[in-house]
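Each remark here refers to the structure printed beneath this line.
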Amino acid sequence: MKRILIYIYILAGIMSFSGCLDDENNYDYSEFNELEGREIGGMKDEYFLSYAQKLTITPTFEFTIDKENPDVSYEWRLDGVLLPEETGPSCTFSFERGGVHEVTYTVIDNKSGVKFSRSCTLRVRSPFTRGWLILREGESQESELSFVGASSVLHKMTVTDGTTIAEIDRDSLVYDQVVEKVSDGLGSNPVGLFLNAGYLGPYGEVFETSDEVGVMQDRWVELNGSTLERSVYTEDEFRGDLPEAGLHPQAAAMTFSAKALLNSDGYIYWAGTAFASDFHSCAYTSFPLGKDKKFKGVYPSFKLNKHHGAIPAYTADNEIVGIIDDAEVVSYADPSIKESTYSSGVHSVQTGEYEEDPVDDRYKLGNGELLTIMPATSNDEGYQDVKPSWVAIVRNGSQYELLYFQWKVGNYSYSSRVSTKVFEKFSLDGLTGYTDMAVFNIKQYVVIANGNDLWYFQYGAGDKAVLKKLHSFDSPVKALAANDINVWYSGEPAKWQPEHNGQLGVALEDGTFGIYEVWETEDKQALATDVKINQLFPDPKAETPVNNNFGNIVDIIYKYGSIRDFVSFNF
C-alpha cells in the first residue's frame with residue numbers, strides 16, 4: 001500500500017512540474033526565424049578582381065519573423081579562416097597577388113543561435129596579366145616599363161536583340177591603375193616590345209597569353225608574362241655557339257610550339273620547345289633555318305590549338321613566304337610535343353601542293369616595300385582554327401596598299417604545305433605616310449597612324465571599304481595598339497552577342513598615352529557610315545587627375561588575358 005502511495009506522489013509531482021513549465025514559458029518551438037525565400041541575396045557566386053582593386057560585398061537577407069529589426073551578428077571567413085575584425089554586414093577585400101580565394105558570409109540569429117551562410121569565389125588576376133604595357137627610355141637610356149590596368153564597374157542596362165528586351169548587369173572596364181617602373185634593371189637603349197600573339201578562339205576571340213613578353217634593346221630580355229620579372233636573356237637561349245656574325249636580334253615571332261628570331265645577318269634562327277605551354281623551355285639552334293635563305297622580316301601569328309601553324313616572313317627577294325611549324329601536341333590535356341613532329345622549314349606560299357612551285361605572284365612585291373604584317377581573323381563564318389589570317393601594309397612609291405590574306409596549313413603527302421584561301425588587295429587612297437597600325441581583328445578594321453592623324457579602314461567590307469579620317473592629335477603619333485573585345489552569351493536568346501567597342505591605345509611623341517573607344521555607326525550591310533573615338537584614359541570625368549605623361553615612349557602593346565576575367569553578362 002505504501003509503495004502505491006509513493007508512485008501516486010511521484011506522478012503528481014511530475015504533473016505539477018509540467019504544469020509549471022506550461023505556465024512560465026510561452027515559446028512555440030515550431031516557430032523560429034528562417035530566410036525569406038531560403039536564400040541570401042546581394043552576393044554573386046564569383047567575382048573577378050584586379051591588382052589592388054577594392055571589392056566590398058554587402059549580402060542581403062530577410063527573416064520570416066523578425067523582418068524589421070532582426071537581432072543578428074555576422075561572421076566573415078577567408079579561405080576558411082575567421083576574420084575576427086570583420087563583424088559587420090559588409091566586408092571589403094583587396095589583394096596584391098593573383099590567386100583564387102573562397103569567402104564565406106554568415107548571419108547569426110542571436111535569439112536562436114541559428115546560422116545562415118553563403119560562399120563565393122574571388123578570382124584575383126595577376127597584376128599584369130591583362131592591360132597596356134608602355135616601354136619608355138629613361139634619362140640614361142635605360143629601358144623602363146609602365147603598366148595601365150583596368151578594374152570592372154557594374155551597372156545595369158537594357159538590351160534587345162530585336163525580339164527580346166531584357167535588363168542585364170554589365171561590367172564596364174575602367175582604366176584606373178597605373179604602375180610605373182614595373183621592373184628594374186631591364187637593360188638599355190630600348191627599341192620595342194614583342195609578345196606572343198595569342199590563341200585564336202573559334203569565333204575570333206583571343207585567349208589568354210601570359211607566357212612571356214620580350215623587350216628589344218641592346219641585350220634582348222624575356223619577361224615572365226604574369227609578373228613581368230626577367231626570365232632569361234635571349235642570348236642564353238642558344239644551344240651551343242651563337243651565330244658566327246654575332247647575335248644582334250632584329251625581330252621575333254612565335255608559332256604554336258616555337259620561336260623564330262631574325263638576326264642582323266639576315267638569317268632566321270629557330271627554337272623548338274618540348275611543351276607547347278612553356279616558351280621558356282626552348283633553345284635556339286646555332287645554324288639558320290631554311291637552306292641559307294635570307295630575310296628582312298618575320299611576323300606574329302595567332303597560335304593554333306594543337307596542330308600545324310605558320311608565320312609570315314619577308315625574304316631578301318621582296319617575297320612573303322610562310323614558315324611552317326609541324327609540331328603537334330599529344331592531346332588537349334597533354335601539351336607535350338610529339339617527338340615525330342619537331343621538323344620545321346621554310347615553304348613558299350603557293351596555290352599548288354609542292355615546294356618546288358614558284359612563289360605566288362601575289363606575294364612578290366617587286367619594287368614595293370613591306371612595312372608590316374599583323375595577325376587577323378578569318379572573315380568566314382564559324383570555326384577559325386585552321387585558317388589564320390593577316391593584314392599587311394605595302395608602300396609602292398607614294399601609294400599605300402593593304403593586303404588581307406588567309407592561309408590554310410595542312411598535310412599533303414605526309415608533308416605540310418601552306419595554301420592561300422583568301423587574298424584581297426585594297427588601295428589606301430589618301431594615305432601619305434605610315435607610322436604604325438592597330439588591327440581590330442574581330443570587327444575587321446584597322447586604324448593607321450600617319451603623323452598627327454588617325455585613319456580608319458574597314459577591310460572586312462571588301463570593295464566597299466573606304467579610308468576615313470578618324471582623328472587628329474596635337475602631337476605626332478608614336479605607336480598604336482588595339483584591344484578588340486568579343487564576349488559570347490550562350491543563354492537565351494540563342495546566339496545573342498553583347499557588343500563592346502574596340503579599344504585603341506595611342507602613344508604620342510609628346511610622351512602622353514591615352515586609351516580610346518572606337519565608335520562605329522554601321523548600316524544594314526554592316527558598312528561603317530560614321531566612326532569616332534571617345535577617351536577612356538585618362539578618364540575625363542575623374543575627380544582626381546591622372547598623370548598620363550610617360551616621357552620618351554618607345555613602344556606600346558596590349559597584353560591579352562582572359563576577357564572573362566573582366567566582363568560578364570547575366571540576365
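The way I read the labels, and the way they are meant: chains A, B, ... in the order of the C-alpha cells, residue 1 as the first residue of every chain, and ligand 1 as the first ligand shown, with later ones counted on from there.
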Inset, instruction - Would you mind listing what lies within 9 Å of Tyr434 in chain A as a VMD selection string, with only C-alpha atoms counted and same-chain residues fewer than 3 positions away left out? - result: chain A and resid 371 393 400 431 437 448 to 451
Could you save the residues just selected, with N, CA, C and O atoms, as a compact mmCIF listing (two decimals), in the first residue's frame?
# COMPACT_ATOMS: atom_id res chain seq x y z
N LEU A 371 55.82 47.12 -95.07
CA LEU A 371 56.01 47.90 -93.86
C LEU A 371 55.67 47.11 -92.60
O LEU A 371 56.32 47.26 -91.57
N ILE A 393 50.67 46.08 -94.74
CA ILE A 393 50.75 47.39 -95.39
C ILE A 393 51.96 47.37 -96.32
O ILE A 393 53.07 47.03 -95.91
N TYR A 400 49.99 53.58 -101.06
CA TYR A 400 49.94 52.57 -99.99
C TYR A 400 48.81 51.60 -100.27
O TYR A 400 47.73 51.98 -100.75
N LEU A 431 46.23 58.17 -98.05
CA LEU A 431 47.29 58.00 -97.06
C LEU A 431 48.61 58.47 -97.65
O LEU A 431 49.02 58.02 -98.72
N MET A 437 50.21 50.70 -87.08
CA MET A 437 48.87 50.23 -87.36
C MET A 437 48.37 49.39 -86.19
O MET A 437 49.14 48.67 -85.54
N ILE A 448 45.20 53.29 -88.75
CA ILE A 448 46.55 53.57 -89.22
C ILE A 448 46.94 54.97 -88.77
O ILE A 448 46.16 55.93 -88.88
N ALA A 449 48.16 55.10 -88.26
CA ALA A 449 48.69 56.40 -87.85
C ALA A 449 49.62 56.94 -88.92
O ALA A 449 50.45 56.23 -89.47
N ASN A 450 49.45 58.24 -89.19
CA ASN A 450 50.31 58.95 -90.12
C ASN A 450 50.49 60.36 -89.59
O ASN A 450 49.56 61.17 -89.61
N GLY A 451 51.68 60.67 -89.05
CA GLY A 451 51.89 61.98 -88.45
C GLY A 451 50.97 62.18 -87.25
O GLY A 451 50.91 61.35 -86.34
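Between CA of Ile165 in chain A and CA of Lys44 in chain A the separation is 23.0 Å.
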Legend entry - Counting only C-alpha atoms, the residue of A:Leu55, A:Leu78, A:Ala481, A:Val174 that sits nearest Pro538 in chain A: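 Among A:Leu55, A:Leu78, A:Ala481, A:Val174, it is A:Val174 that comes nearest to Pro538 in chain A.
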Inset, instruction - Excluding Val182 in chain A and any residue of its chain fewer than 5 positions from it, enumerate the residues within 10 Å of it, using only C-alpha atoms, and give them as a PyMOL selection string. - result: chain A and resi 128+133+144-147+227-229
Legend entry - CA of Lys559 in chain A to CA of Gly214 in chain A, distance in Å rounded to a single decimal: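 Taking CA of Lys559 in chain A and CA of Gly214 in chain A, their separation equals 11.6 Å.
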Inset, instruction - Would you list the contacts of range 517-534 of chain A as an MDAnalysis selection string, taking every protein, DNA or RNA residue within 7 Å and counting only C-alpha atoms, but skipping same-chain residues closer than 5 positions in sequence? - result: chainID A and resid 461 470 501:504
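Once range 80-84 of chain A and its same-chain neighbours fewer than 2 positions away are set aside, A:Tyr74, A:Glu75, A:Trp76, A:Arg77, A:Leu78, A:Glu86, A:Thr87, A:Gly88, A:Cys91, A:Thr92, A:Phe93, A:His101, A:Glu102, A:Val103, A:Thr104, A:Tyr105, A:Thr106, A:Ser119, A:Cys120 remain within 12 Å of it when counting only C-alpha atoms.
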Inset, instruction - Tell me, in Å to one decimal, how far CA of Lys294 in chain A is from CA of Glu424 in chain A. - result: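 So the answer is 26.4 Å.
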Determine, counting only C-alpha atoms, which protein, DNA and RNA residues have an atom within 10 Å of an atom of Glu34 in chain A; residues of the same chain fewer than 5 positions away are not included. Present the result as a PDB file with C-alpha atoms, in the first residue's frame.
ATOM      1  CA  GLU A  39      18.482  32.339 -49.685  1.00  0.00           C
ATOM      2  CA  PHE A  61      18.622  38.749 -46.306  1.00  0.00           C
ATOM      3  CA  GLU A  62      15.143  38.869 -44.769  1.00  0.00           C
ATOM      4  CA  PHE A  63      13.838  36.739 -41.892  1.00  0.00           C
ATOM      5  CA  THR A  64      10.375  35.247 -41.935  1.00  0.00           C
ATOM      6  CA  ILE A  65       9.591  36.551 -38.419  1.00  0.00           C
ATOM      7  CA  ASP A  66      11.914  39.408 -37.402  1.00  0.00           C
ATOM      8  CA  ASP A 109      20.103  34.864 -35.402  1.00  0.00           C
ATOM      9  CA  VAL A 114      20.871  29.511 -35.868  1.00  0.00           C
ATOM     10  CA  LYS A 115      23.424  30.386 -38.592  1.00  0.00           C
ATOM     11  CA  PHE A 116      22.753  31.029 -42.261  1.00  0.00           C
TER      12      PHE A 116
END
